[in-house]
file final.cif (mmCIF, C-alpha atoms and all ligand atoms)
data_my_file
#
loop_
_atom_site.label_atom_id
_atom_site.label_comp_id
_atom_site.auth_asym_id
_atom_site.auth_seq_id
_atom_site.Cartn_x
_atom_site.Cartn_y
_atom_site.Cartn_z
CA MET I 453 1.51 -22.14 2.49
CA ALA I 454 3.80 -19.18 3.09
CA GLY I 455 4.97 -18.99 6.66
CA LYS I 456 4.37 -22.65 7.40
CA LYS I 457 7.32 -24.57 8.77
CA LEU I 458 8.70 -27.24 6.45
CA ILE I 459 9.04 -30.85 7.59
CA VAL I 460 11.08 -33.24 5.45
CA VAL I 461 9.67 -36.76 5.64
CA PHE I 462 12.00 -39.66 4.85
CA GLY I 463 10.59 -43.04 3.90
CA ALA I 464 7.51 -41.16 2.71
CA THR I 465 6.52 -43.92 0.28
CA GLY I 466 6.79 -46.53 3.03
CA ALA I 467 4.83 -47.65 6.06
CA GLN I 468 6.24 -45.30 8.70
CA GLY I 469 6.99 -42.20 6.62
CA GLY I 470 3.84 -42.63 4.52
CA GLY I 471 1.63 -42.40 7.60
CA VAL I 472 3.62 -39.44 8.89
CA ALA I 473 3.35 -37.54 5.58
CA ARG I 474 -0.40 -38.17 5.35
CA ALA I 475 -1.03 -37.07 8.95
CA LEU I 476 0.95 -33.86 8.45
CA LEU I 477 -0.80 -33.10 5.16
CA ASP I 478 -4.26 -33.75 6.61
CA ASP I 479 -3.50 -31.52 9.59
CA GLY I 480 -2.09 -28.62 7.57
CA THR I 481 0.09 -27.00 10.21
CA PHE I 482 3.32 -27.86 8.38
CA LYS I 483 4.47 -27.92 4.78
CA VAL I 484 5.57 -31.42 3.79
CA ARG I 485 8.53 -32.38 1.62
CA ALA I 486 8.35 -36.11 0.88
CA VAL I 487 11.60 -37.89 0.07
CA THR I 488 11.84 -40.85 -2.31
CA ARG I 489 14.37 -42.26 -4.75
CA SER I 490 11.55 -42.65 -7.29
CA PRO I 491 9.38 -39.52 -7.48
CA ARG I 492 7.24 -41.01 -10.26
CA LYS I 493 6.11 -44.04 -8.28
CA LYS I 494 2.41 -44.26 -7.41
CA LYS I 495 2.82 -43.57 -3.71
CA ALA I 496 4.87 -40.45 -4.45
CA GLU I 497 2.28 -39.23 -6.96
CA GLU I 498 -0.42 -39.75 -4.33
CA LEU I 499 1.48 -37.59 -1.83
CA ARG I 500 1.96 -34.89 -4.45
CA ARG I 501 -1.77 -34.97 -5.15
CA ARG I 502 -2.43 -34.46 -1.44
CA GLY I 503 -0.20 -31.38 -1.41
CA ALA I 504 3.32 -32.58 -0.63
CA GLU I 505 6.41 -31.40 -2.41
CA VAL I 506 8.06 -34.62 -3.60
CA VAL I 507 11.84 -34.65 -3.96
CA LYS I 508 14.31 -37.23 -5.14
CA ALA I 509 17.07 -38.12 -2.69
CA ASP I 510 18.98 -41.18 -1.63
CA GLN I 511 20.22 -41.81 1.90
CA ASP I 512 23.51 -42.98 0.35
CA ASP I 513 23.99 -39.73 -1.56
CA GLU I 514 24.96 -36.78 0.62
CA ALA I 515 24.45 -34.07 -2.00
CA SER I 516 20.88 -35.20 -2.67
CA LEU I 517 20.15 -35.22 1.08
CA GLU I 518 21.58 -31.74 1.47
CA ARG I 519 19.16 -30.49 -1.18
CA ALA I 520 16.29 -32.40 0.40
CA LEU I 521 16.90 -30.82 3.81
CA ALA I 522 17.50 -27.26 2.56
CA GLY I 523 15.28 -24.73 4.31
CA ALA I 524 13.66 -27.30 6.59
CA TYR I 525 12.43 -26.62 10.10
CA GLY I 526 12.34 -30.29 10.98
CA ALA I 527 12.38 -33.85 9.72
CA PHE I 528 11.02 -37.33 10.29
CA ILE I 529 13.85 -39.78 9.69
CA VAL I 530 13.60 -43.54 9.23
CA THR I 531 16.19 -45.85 7.68
CA ASN I 532 15.31 -49.21 6.18
CA PHE I 533 17.66 -51.96 7.36
CA TRP I 534 15.83 -54.58 5.28
CA GLU I 535 16.80 -52.86 2.07
CA HIS I 536 20.44 -53.94 2.48
CA CYS I 537 20.62 -55.90 5.78
CA SER I 538 23.83 -54.17 6.84
CA LYS I 539 24.20 -52.68 10.30
CA GLU I 540 27.19 -50.64 9.07
CA LYS I 541 25.28 -49.20 6.15
CA GLU I 542 22.30 -48.30 8.35
CA ILE I 543 24.69 -46.51 10.73
CA GLU I 544 26.31 -44.63 7.83
CA GLN I 545 22.92 -43.52 6.51
CA GLY I 546 21.70 -42.44 9.93
CA GLN I 547 24.88 -40.61 10.88
CA ARG I 548 24.96 -38.87 7.49
CA LEU I 549 21.43 -37.60 8.14
CA ALA I 550 22.34 -36.58 11.69
CA ASP I 551 25.38 -34.60 10.48
CA LEU I 552 23.30 -32.84 7.82
CA SER I 553 20.52 -32.08 10.32
CA LYS I 554 23.11 -30.47 12.56
CA ARG I 555 24.82 -28.56 9.76
CA GLN I 556 21.53 -27.24 8.38
CA GLY I 557 20.36 -26.19 11.81
CA LEU I 558 17.17 -28.24 11.97
CA HIS I 559 15.02 -27.31 14.94
CA HIS I 560 13.43 -30.70 15.53
CA VAL I 561 14.11 -34.20 14.22
CA VAL I 562 11.92 -37.17 15.03
CA PHE I 563 14.15 -40.20 14.53
CA SER I 564 12.75 -43.71 14.33
CA GLY I 565 15.30 -45.68 16.30
CA LEU I 566 15.50 -48.91 18.26
CA GLU I 567 17.59 -50.16 21.14
CA ASN I 568 21.26 -51.04 20.81
CA VAL I 569 20.59 -54.57 22.02
CA HIS I 570 24.21 -55.64 21.73
CA GLN I 571 25.29 -52.90 24.11
CA LEU I 572 22.32 -53.28 26.47
CA THR I 573 22.87 -57.02 26.89
CA GLY I 574 26.64 -56.79 27.24
CA GLY I 575 27.12 -58.57 23.92
CA ARG I 576 24.86 -61.52 24.83
CA LEU I 577 22.37 -60.75 22.07
CA GLU I 578 22.98 -59.20 18.68
CA VAL I 579 20.06 -57.83 16.68
CA LEU I 580 21.58 -56.07 13.70
CA HIS I 581 18.43 -54.19 12.66
CA PHE I 582 18.13 -52.81 16.20
CA ASP I 583 21.80 -52.29 17.07
CA GLY I 584 22.61 -49.95 14.17
CA LYS I 585 19.61 -47.76 14.94
CA GLY I 586 20.74 -47.65 18.57
CA VAL I 587 24.17 -46.38 17.51
CA VAL I 588 22.49 -43.68 15.40
CA GLU I 589 20.18 -42.66 18.27
CA GLU I 590 23.20 -42.04 20.43
CA TYR I 591 24.91 -40.11 17.64
CA PHE I 592 21.96 -37.73 17.16
CA GLN I 593 22.08 -36.99 20.89
CA LYS I 594 25.87 -36.72 21.05
CA ILE I 595 26.22 -34.14 18.29
CA GLY I 596 23.39 -32.07 19.72
CA VAL I 597 20.61 -32.31 17.15
CA PRO I 598 17.28 -31.39 18.82
CA THR I 599 15.82 -34.86 18.54
CA THR I 600 12.88 -36.93 19.73
CA ILE I 601 13.57 -40.63 19.40
CA ILE I 602 10.67 -42.99 18.88
CA ARG I 603 10.93 -46.79 19.00
CA LEU I 604 8.23 -48.75 17.26
CA PRO I 605 7.11 -52.14 18.49
CA PHE I 606 6.13 -55.13 16.33
CA TYR I 607 3.74 -53.75 13.68
CA PHE I 608 0.26 -55.34 13.73
CA GLU I 609 0.53 -55.16 9.94
CA ASN I 610 3.18 -57.91 10.15
CA PHE I 611 0.23 -60.27 10.71
CA LEU I 612 -0.87 -59.44 7.17
CA SER I 613 2.54 -60.01 5.63
CA ILE I 614 5.48 -61.91 7.05
CA PHE I 615 3.59 -63.24 10.10
CA LYS I 616 0.31 -63.97 8.37
CA PRO I 617 -1.44 -66.96 9.97
CA GLN I 618 -0.81 -69.97 7.75
CA LYS I 619 -3.21 -72.82 7.09
CA ALA I 620 -2.09 -75.90 8.95
CA PRO I 621 -1.94 -78.89 6.59
CA GLN I 622 -5.03 -81.16 6.74
CA ARG I 623 -6.57 -79.10 9.51
CA ASP I 624 -9.20 -76.41 9.67
CA THR I 625 -7.08 -74.26 11.92
CA PHE I 626 -4.62 -71.51 11.18
CA VAL I 627 -1.27 -71.29 12.93
CA LEU I 628 0.58 -68.07 13.74
CA GLU I 629 3.60 -68.56 11.59
CA THR I 630 6.01 -66.49 9.59
CA GLU I 631 5.94 -66.45 5.85
CA LEU I 632 9.36 -65.20 4.95
CA LYS I 633 9.69 -64.28 1.33
CA THR I 634 12.26 -62.28 -0.49
CA PRO I 635 10.86 -58.75 -0.73
CA LEU I 636 10.26 -57.90 -4.36
CA TYR I 637 12.49 -54.86 -4.28
CA LEU I 638 15.40 -57.04 -3.18
CA LEU I 639 14.78 -59.37 -6.09
CA ARG I 640 14.67 -56.40 -8.43
CA ALA I 641 17.85 -54.98 -6.95
CA GLY I 642 19.53 -58.37 -7.18
CA LEU I 643 20.47 -58.25 -3.51
CA HIS I 644 21.10 -61.48 -1.68
CA CYS I 645 21.02 -60.35 1.91
CA SER I 646 17.46 -61.40 2.56
CA TRP I 647 15.52 -64.61 2.30
CA ASP I 648 15.71 -66.34 -1.04
CA GLN I 649 13.12 -68.95 -0.27
CA SER I 650 9.55 -69.16 0.84
CA LEU I 651 8.98 -71.01 4.09
CA HIS I 652 7.03 -71.01 7.31
CA THR I 653 8.07 -70.51 10.87
CA GLU I 654 6.57 -69.25 14.12
CA LEU I 655 6.56 -66.51 16.76
CA PRO I 656 8.89 -67.79 19.48
CA MET I 657 7.48 -65.72 22.35
CA GLY I 658 6.06 -68.49 24.57
CA ASP I 659 3.87 -66.92 27.27
CA THR I 660 5.74 -63.61 27.34
CA PRO I 661 3.64 -60.65 26.21
CA MET I 662 4.90 -58.68 23.21
CA ASP I 663 4.16 -55.02 22.46
CA GLY I 664 2.56 -54.01 19.21
CA MET I 665 0.83 -51.21 17.36
CA ALA I 666 -0.51 -50.44 13.90
CA VAL I 667 2.21 -48.61 11.98
CA GLU I 668 -0.70 -46.91 10.21
CA ASP I 669 -1.38 -45.09 13.51
CA LEU I 670 2.11 -43.57 13.73
CA GLY I 671 1.40 -40.39 11.75
CA PRO I 672 -0.65 -38.51 14.36
CA ILE I 673 1.96 -39.42 16.99
CA VAL I 674 4.76 -37.76 15.03
CA LEU I 675 2.53 -34.78 14.26
CA CYS I 676 1.85 -34.34 17.98
CA LEU I 677 5.58 -34.53 18.78
CA LEU I 678 6.43 -31.95 16.12
CA LYS I 679 3.75 -29.61 17.45
CA SER I 680 5.15 -29.74 21.00
CA PRO I 681 8.94 -29.52 20.63
CA GLY I 682 9.42 -28.03 24.09
CA GLU I 683 7.79 -31.05 25.67
CA TYR I 684 9.35 -33.81 23.58
CA ILE I 685 12.84 -32.81 22.35
CA GLY I 686 15.35 -34.93 24.23
CA GLN I 687 12.88 -37.73 24.94
CA VAL I 688 13.15 -41.37 23.92
CA ILE I 689 9.65 -42.78 23.54
CA GLY I 690 8.87 -46.48 23.24
CA LEU I 691 5.55 -46.85 21.43
CA SER I 692 2.89 -49.53 21.96
CA THR I 693 -0.88 -49.82 22.21
CA GLY I 694 -0.69 -52.98 24.26
CA LYS I 695 1.21 -56.12 25.18
CA LEU I 696 -0.27 -59.51 24.34
CA THR I 697 0.97 -63.07 24.49
CA GLU I 698 1.00 -65.07 21.28
CA ALA I 699 -2.02 -67.00 22.58
CA GLU I 700 -3.87 -63.71 23.13
CA TYR I 701 -2.99 -62.49 19.62
CA ALA I 702 -4.29 -65.82 18.29
CA ALA I 703 -7.49 -65.63 20.37
CA ILE I 704 -8.29 -62.13 19.08
CA LEU I 705 -7.62 -63.20 15.50
CA SER I 706 -9.95 -66.19 15.99
CA GLN I 707 -12.68 -64.12 17.57
CA GLN I 708 -12.55 -61.35 14.96
CA THR I 709 -12.06 -63.42 11.81
CA GLY I 710 -14.21 -66.42 12.66
CA LYS I 711 -11.30 -68.71 11.74
CA THR I 712 -9.55 -70.86 14.32
CA VAL I 713 -6.09 -69.40 14.82
CA THR I 714 -3.78 -71.27 17.17
CA ALA I 715 -0.51 -70.13 18.69
CA SER I 716 2.58 -72.09 17.79
CA LYS I 717 4.74 -73.21 20.67
CA ILE I 718 8.20 -72.90 19.17
CA SER I 719 11.07 -71.86 21.46
CA PRO I 720 13.73 -69.33 20.42
CA GLU I 721 16.22 -72.23 20.44
CA GLU I 722 14.15 -74.22 17.93
CA TYR I 723 13.45 -71.07 15.95
CA GLU I 724 17.07 -70.10 15.42
CA LYS I 725 18.00 -73.61 14.28
CA GLN I 726 15.78 -73.18 11.24
CA ASP I 727 17.46 -73.04 7.93
CA PHE I 728 16.86 -69.55 6.63
CA PRO I 729 19.07 -66.48 6.61
CA GLY I 730 18.15 -64.17 9.46
CA ALA I 731 16.76 -66.97 11.70
CA LYS I 732 19.36 -66.36 14.39
CA GLU I 733 18.95 -62.61 14.35
CA THR I 734 15.15 -62.79 14.38
CA ALA I 735 15.28 -65.23 17.30
CA ALA I 736 17.54 -62.76 19.12
CA MET I 737 14.97 -60.03 18.45
CA PHE I 738 12.24 -62.14 20.06
CA ARG I 739 14.57 -62.89 22.98
CA PHE I 740 15.05 -59.16 23.36
CA TYR I 741 11.28 -58.61 23.23
CA ALA I 742 11.04 -61.18 26.03
CA LEU I 743 13.21 -58.88 28.16
CA LYS I 744 10.25 -56.48 27.95
CA PRO I 745 11.80 -53.35 26.46
CA ASP I 746 10.32 -50.11 27.68
CA ARG I 747 7.21 -49.28 25.63
CA ASN I 748 4.79 -46.70 27.01
CA VAL I 749 1.14 -47.42 26.21
CA ALA I 750 -0.22 -44.42 28.15
CA LEU I 751 2.05 -41.96 26.36
CA THR I 752 1.33 -43.58 22.99
CA MET I 753 -2.39 -43.10 23.62
CA LYS I 754 -1.82 -39.53 24.76
CA LEU I 755 0.07 -38.77 21.55
CA ASN I 756 -2.58 -40.45 19.38
CA PRO I 757 -5.83 -41.07 21.26
CA LYS I 758 -7.13 -42.91 18.17
CA ALA I 759 -4.24 -45.41 18.05
CA ARG I 760 -5.87 -48.84 17.91
CA THR I 761 -5.53 -51.85 20.14
CA PHE I 762 -4.94 -55.19 18.39
CA GLN I 763 -8.62 -56.03 18.81
CA GLN I 764 -9.67 -52.79 17.11
CA TRP I 765 -7.08 -53.15 14.37
CA VAL I 766 -8.09 -56.72 13.52
CA GLY I 767 -11.71 -55.58 13.55
CA ASP I 768 -10.83 -53.02 10.88
CA ASN I 769 -8.84 -55.54 8.83
CA LYS I 770 -10.61 -58.86 9.34
CA ASN I 771 -11.44 -59.27 5.66
CA ALA I 772 -7.74 -59.30 4.83
CA PHE I 773 -7.16 -62.53 6.80
P1 LIG J 801 8.97 -49.68 4.15
O1 LIG J 801 7.49 -49.59 4.24
O2 LIG J 801 9.59 -50.88 3.53
O3 LIG J 801 9.49 -48.38 3.37
C1 LIG J 801 10.84 -48.10 3.23
C2 LIG J 801 11.01 -46.63 2.88
O4 LIG J 801 12.40 -46.28 2.97
C3 LIG J 801 10.54 -46.30 1.48
O5 LIG J 801 9.80 -45.10 1.55
C4 LIG J 801 11.84 -46.06 0.71
O6 LIG J 801 11.70 -45.03 -0.26
C5 LIG J 801 12.77 -45.56 1.80
N1 LIG J 801 14.18 -45.84 1.53
C6 LIG J 801 14.81 -47.03 1.63
N2 LIG J 801 16.11 -46.89 1.28
C7 LIG J 801 16.29 -45.58 0.98
C8 LIG J 801 17.41 -44.82 0.54
N3 LIG J 801 18.62 -45.38 0.34
N4 LIG J 801 17.23 -43.51 0.34
C9 LIG J 801 16.02 -42.92 0.50
N5 LIG J 801 14.92 -43.59 0.91
C10 LIG J 801 15.06 -44.90 1.15
O7 LIG J 801 9.66 -49.51 5.59
P2 LIG J 801 9.07 -49.04 7.01
O8 LIG J 801 8.37 -50.21 7.61
O9 LIG J 801 8.38 -47.75 6.91
O10 LIG J 801 10.44 -48.81 7.81
C11 LIG J 801 11.42 -49.80 7.80
C12 LIG J 801 12.17 -49.78 9.11
O11 LIG J 801 11.24 -50.04 10.18
C13 LIG J 801 13.22 -50.88 9.20
O12 LIG J 801 14.50 -50.35 9.39
C14 LIG J 801 12.76 -51.75 10.39
O13 LIG J 801 13.85 -52.23 11.15
C15 LIG J 801 11.91 -50.77 11.18
N6 LIG J 801 10.92 -51.38 12.09
C16 LIG J 801 10.07 -52.33 11.65
C17 LIG J 801 9.18 -52.93 12.55
C18 LIG J 801 8.22 -54.04 12.11
O14 LIG J 801 7.52 -54.62 12.95
N7 LIG J 801 8.17 -54.36 10.83
C19 LIG J 801 9.12 -52.51 13.88
C20 LIG J 801 10.00 -51.50 14.30
C21 LIG J 801 10.89 -50.94 13.38
P3 LIG J 801 11.79 -45.22 -1.86
O15 LIG J 801 11.88 -46.69 -2.15
O16 LIG J 801 10.53 -44.61 -2.39
O17 LIG J 801 13.00 -44.46 -2.25
#

call {"tool": "encode", "arguments": {"input": "final.cif", "output": "structure tokens"}}
result
Amino acid sequence: MAGKKLIVVFGATGAQGGGVARALLDDGTFKVRAVTRSPRKKKAEELRRRGAEVVKADQDDEASLERALAGAYGAFIVTNFWEHCSKEKEIEQGQRLADLSKRQGLHHVVFSGLENVHQLTGGRLEVLHFDGKGVVEEYFQKIGVPTTIIRLPFYFENFLSIFKPQKAPQRDTFVLETELKTPLYLLRAGLHCSWDQSLHTELPMGDTPMDGMAVEDLGPIVLCLLKSPGEYIGQVIGLSTGKLTEAEYAAILSQQTGKTVTASKISPEEYEKQDFPGAKETAAMFRFYALKPDRNVALTMKLNPKARTFQQWVGDNKNAF
């Protein structure tokens, strides 16, 4: 291990950071320090077993972050808007990490950002979980941290959780709908920012194609970026393994699972009128997706030649539907 550069991975017990930590550990070029607020949780233990150093730190606690970043060559940084649903808090967390990265002289940060939709659309759309990340992206660049920004598209894994096809009543078909439930950790934390009811809604994309990728395939991408700092520092990379319409997503799900999955035909206007917290913001996100944000399939495939198309991903996961 001596001599290997140390990468600090935030969100290491989650979807993005978990994949990044595993890819780095499997590859072996870098030492991995995995950050969590709960080092005894199963996912942290699993990373330790694979060879990571697991440290306790909280993105709201500067001293703990300072310790977590000590001696690091680089970092993968992701913030989780859905934990608190506050744009301001996400900006504070991101800027705190940017300041510390600068102060500790990190050589390369891969930051998982998203567009500042509010700014890009001249205030026409507001997508809080994008906008805050956009502010932080700009901050990393402004203060001169050597950064590569990545922007993830809609995760395919959303089709197994909040956008799992729901059985249509009295029919043998499944509809692409959203199942919005309060995440368990929010219930545990007693937070009220998220959805406090279970209900169904749809993907309001009409015939406009929407980018996607398996978040599970992110790890090798970040590994590749960290191995080629000269090529990728300063770049903003929109990730995707393909753009499909809702009808095409539904057709692939039908073909692969053997169940009839139909696309809903809800408009963003109908969508945002629904009575659940976040409906308006989620509708604005789909409206932004309809503006076709820049996602680069060729570069994504160059960075991870094994990143799966939707067809391949559903093929690997069909038993879960
Ligand atoms: P996730 O699977 O829910 O995991 C969240 C991770 O963040 C956990 O590892 C958690 O660690 C860590 N975390 C949360 N708050 C923390 C804090 N205060 N201090 C330290 N660690 C903290 O989340 P994910 O999917 O990897 O990433 C979420 C982000 O992805 C969101 O901001 C979302 O906007 C963005 N995103 C999602 C999509 C999508 O389609 N779903 C697409 C693009 C971008 P511990 O609990 O172990 O401490």

call {"tool": "residues_around", "arguments": {"input": "final.cif", "residues": "I:Val766", "least_positions_apart": "5", "cutoff": "9 Å", "atoms": "only C-alpha atoms", "output": "ChimeraX atom specification"}}
result
/I:608,704-705,708-709,761,771,773

call {"tool": "closest_residue", "arguments": {"input": "final.cif", "among": "I:Ile595, I:Met737, I:Leu476, I:Leu549", "to": "I:Asp510", "atoms": "only C-alpha atoms"}}
result
I:Leu549

call {"tool": "atom_distance", "arguments": {"input": "final.cif", "atom1": "atom CA of I:Val561", "atom2": "atom CA of I:Thr599"}}
result
4.7 Å

call {"tool": "axis_aligned_box", "arguments": {"input": "final.cif", "around": "stretch 665-676 of chain I", "padding_each_side": "4 Å", "output": "JSON"}}
result
{"center_x": 1.7, "center_y": -42.8, "center_z": 14.1, "size_x": 14.1, "size_y": 24.9, "size_z": 15.8}

call {"tool": "closest_residue", "arguments": {"input": "final.cif", "among": "I:Ser564, I:Thr734, I:Gln763, I:Asn532", "to": "ligand LIG 801 (chain J)", "atoms": "all atoms listed in the file"}}
result
I:Asn532

call {"tool": "residues_around", "arguments": {"input": "final.cif", "residues": "I:Gln545", "least_positions_apart": "4", "cutoff": "8 Å", "atoms": "all atoms listed in the file", "output": "count of residues only"}}
result
5

call {"tool": "closest_residue", "arguments": {"input": "final.cif", "among": "I:His536, I:Arg474, I:His581, I:Arg548", "to": "ligand LIG 801 (chain J)", "atoms": "all atoms listed in the file"}}
result
I:His581

call {"tool": "residues_around", "arguments": {"input": "final.cif", "residues": "stretch 680-688 of chain I", "least_positions_apart": "2", "cutoff": "7 Å", "atoms": "all atoms listed in the file", "output": "list in words"}}
result
His560, Pro598, Thr599, Thr600, Ile601, Ile602, Cys676, Leu677, Leu678 and Gly690 of chain I

call {"tool": "atom_distance", "arguments": {"input": "final.cif", "atom1": "atom CA of I:His559", "atom2": "atom CA of I:Val530"}}
result
17.3 Å

call {"tool": "atom_distance", "arguments": {"input": "final.cif", "atom1": "atom CA of I:Lys744", "atom2": "atom CA of I:Arg760"}}
result
20.5 Å

call {"tool": "closest_residue", "arguments": {"input": "final.cif", "among": "I:Lys494, I:Arg489, I:Lys758, I:Lys483", "to": "I:Ala666", "atoms": "only C-alpha atoms"}}
result
I:Lys758

call {"tool": "closest_residue", "arguments": {"input": "final.cif", "among": "I:Leu458, I:Met753, I:Leu521, I:Ile614", "to": "ligand LIG 801 (chain J)", "atoms": "all atoms listed in the file"}}
result
I:Ile614

call {"tool": "residues_around", "arguments": {"input": "final.cif", "residues": "I:Val749", "least_positions_apart": "3", "cutoff": "8 Å", "atoms": "only C-alpha atoms", "output": "count of residues only"}}
result
6

call {"tool": "residues_near_point", "arguments": {"input": "final.cif", "point": "(-0.4, -42.6, 16.9)", "cutoff": "8 Å", "atoms": "all atoms listed in the file", "output": "JSON, numbers by chain"}}
result
{"I": [668, 669, 670, 671, 672, 673, 674, 752, 753, 755, 756, 757, 758, 759]}

call {"tool": "closest_residue", "arguments": {"input": "final.cif", "among": "I:Val579, I:Leu628, I:Ala750, I:Ala742", "to": "I:Pro661", "atoms": "only C-alpha atoms"}}
result
I:Ala742

call {"tool": "residues_around", "arguments": {"input": "final.cif", "residues": "stretch 587-589 of chain I", "least_positions_apart": "6", "cutoff": "6 Å", "atoms": "all atoms listed in the file", "output": "ChimeraX atom specification"}}
result
/I:543,546-547

call {"tool": "write_last_selection", "arguments": {"input": "final.cif", "atoms": "C-alpha atoms", "output": "PDB file, in the frame of the given file"}}
result
ATOM      1  CA  ILE I 543      24.690 -46.510  10.730  1.00  0.00           C
ATOM      2  CA  GLY I 546      21.700 -42.440   9.930  1.00  0.00           C
ATOM      3  CA  GLN I 547      24.880 -40.610  10.880  1.00  0.00           C
TER       4      GLN I 547
END

call {"tool": "decode", "arguments": {"input": "final.cif", "residues": "stretch 463-478 of chain I", "atoms": "N, CA, C and O atoms", "output": "PDB file, in the first residue's frame"}}
result
ATOM      1  N   GLY I 463     -19.883   9.572   0.229  1.00  0.00           N
ATOM      2  CA  GLY I 463     -21.068   8.800  -0.170  1.00  0.00           C
ATOM      3  C   GLY I 463     -20.739   7.348  -0.431  1.00  0.00           C
ATOM      4  O   GLY I 463     -21.421   6.673  -1.211  1.00  0.00           O
ATOM      5  N   ALA I 464     -19.702   6.846   0.258  1.00  0.00           N
ATOM      6  CA  ALA I 464     -19.169   5.506  -0.061  1.00  0.00           C
ATOM      7  C   ALA I 464     -20.147   4.382   0.294  1.00  0.00           C
ATOM      8  O   ALA I 464     -20.004   3.268  -0.208  1.00  0.00           O
ATOM      9  N   THR I 465     -21.130   4.674   1.142  1.00  0.00           N
ATOM     10  CA  THR I 465     -22.123   3.637   1.454  1.00  0.00           C
ATOM     11  C   THR I 465     -23.356   3.777   0.554  1.00  0.00           C
ATOM     12  O   THR I 465     -24.342   3.074   0.739  1.00  0.00           O
ATOM     13  N   GLY I 466     -23.288   4.704  -0.398  1.00  0.00           N
ATOM     14  CA  GLY I 466     -24.441   4.950  -1.258  1.00  0.00           C
ATOM     15  C   GLY I 466     -24.223   4.461  -2.677  1.00  0.00           C
ATOM     16  O   GLY I 466     -23.234   3.775  -2.984  1.00  0.00           O
ATOM     17  N   ALA I 467     -25.138   4.841  -3.554  1.00  0.00           N
ATOM     18  CA  ALA I 467     -25.132   4.325  -4.922  1.00  0.00           C
ATOM     19  C   ALA I 467     -23.914   4.834  -5.709  1.00  0.00           C
ATOM     20  O   ALA I 467     -23.163   4.043  -6.286  1.00  0.00           O
ATOM     21  N   GLN I 468     -23.710   6.129  -5.727  1.00  0.00           N
ATOM     22  CA  GLN I 468     -22.593   6.665  -6.511  1.00  0.00           C
ATOM     23  C   GLN I 468     -21.250   6.313  -5.873  1.00  0.00           C
ATOM     24  O   GLN I 468     -20.387   5.676  -6.478  1.00  0.00           O
ATOM     25  N   GLY I 469     -21.063   6.762  -4.632  1.00  0.00           N
ATOM     26  CA  GLY I 469     -19.775   6.559  -3.965  1.00  0.00           C
ATOM     27  C   GLY I 469     -19.458   5.088  -3.745  1.00  0.00           C
ATOM     28  O   GLY I 469     -18.288   4.685  -3.793  1.00  0.00           O
ATOM     29  N   GLY I 470     -20.488   4.275  -3.526  1.00  0.00           N
ATOM     30  CA  GLY I 470     -20.260   2.837  -3.316  1.00  0.00           C
ATOM     31  C   GLY I 470     -19.615   2.213  -4.551  1.00  0.00           C
ATOM     32  O   GLY I 470     -18.632   1.464  -4.451  1.00  0.00           O
ATOM     33  N   GLY I 471     -20.155   2.550  -5.712  1.00  0.00           N
ATOM     34  CA  GLY I 471     -19.598   2.012  -6.961  1.00  0.00           C
ATOM     35  C   GLY I 471     -18.187   2.518  -7.194  1.00  0.00           C
ATOM     36  O   GLY I 471     -17.313   1.776  -7.668  1.00  0.00           O
ATOM     37  N   VAL I 472     -17.964   3.786  -6.849  1.00  0.00           N
ATOM     38  CA  VAL I 472     -16.625   4.362  -7.030  1.00  0.00           C
ATOM     39  C   VAL I 472     -15.630   3.644  -6.110  1.00  0.00           C
ATOM     40  O   VAL I 472     -14.552   3.225  -6.543  1.00  0.00           O
ATOM     41  N   ALA I 473     -15.994   3.487  -4.839  1.00  0.00           N
ATOM     42  CA  ALA I 473     -15.075   2.829  -3.889  1.00  0.00           C
ATOM     43  C   ALA I 473     -14.755   1.413  -4.356  1.00  0.00           C
ATOM     44  O   ALA I 473     -13.589   1.000  -4.361  1.00  0.00           O
ATOM     45  N   ARG I 474     -15.768   0.672  -4.783  1.00  0.00           N
ATOM     46  CA  ARG I 474     -15.534  -0.723  -5.207  1.00  0.00           C
ATOM     47  C   ARG I 474     -14.629  -0.777  -6.436  1.00  0.00           C
ATOM     48  O   ARG I 474     -13.713  -1.597  -6.504  1.00  0.00           O
ATOM     49  N   ALA I 475     -14.860   0.120  -7.394  1.00  0.00           N
ATOM     50  CA  ALA I 475     -14.037   0.111  -8.616  1.00  0.00           C
ATOM     51  C   ALA I 475     -12.580   0.421  -8.279  1.00  0.00           C
ATOM     52  O   ALA I 475     -11.660  -0.201  -8.814  1.00  0.00           O
ATOM     53  N   LEU I 476     -12.365   1.396  -7.388  1.00  0.00           N
ATOM     54  CA  LEU I 476     -10.993   1.758  -7.016  1.00  0.00           C
ATOM     55  C   LEU I 476     -10.321   0.617  -6.261  1.00  0.00           C
ATOM     56  O   LEU I 476      -9.141   0.308  -6.504  1.00  0.00           O
ATOM     57  N   LEU I 477     -11.072  -0.033  -5.373  1.00  0.00           N
ATOM     58  CA  LEU I 477     -10.494  -1.142  -4.599  1.00  0.00           C
ATOM     59  C   LEU I 477     -10.171  -2.323  -5.505  1.00  0.00           C
ATOM     60  O   LEU I 477      -9.107  -2.932  -5.387  1.00  0.00           O
ATOM     61  N   ASP I 478     -11.062  -2.623  -6.433  1.00  0.00           N
ATOM     62  CA  ASP I 478     -10.821  -3.753  -7.346  1.00  0.00           C
ATOM     63  C   ASP I 478      -9.601  -3.488  -8.222  1.00  0.00           C
ATOM     64  O   ASP I 478      -8.831  -4.387  -8.525  1.00  0.00           O
TER      65      ASP I 478
END
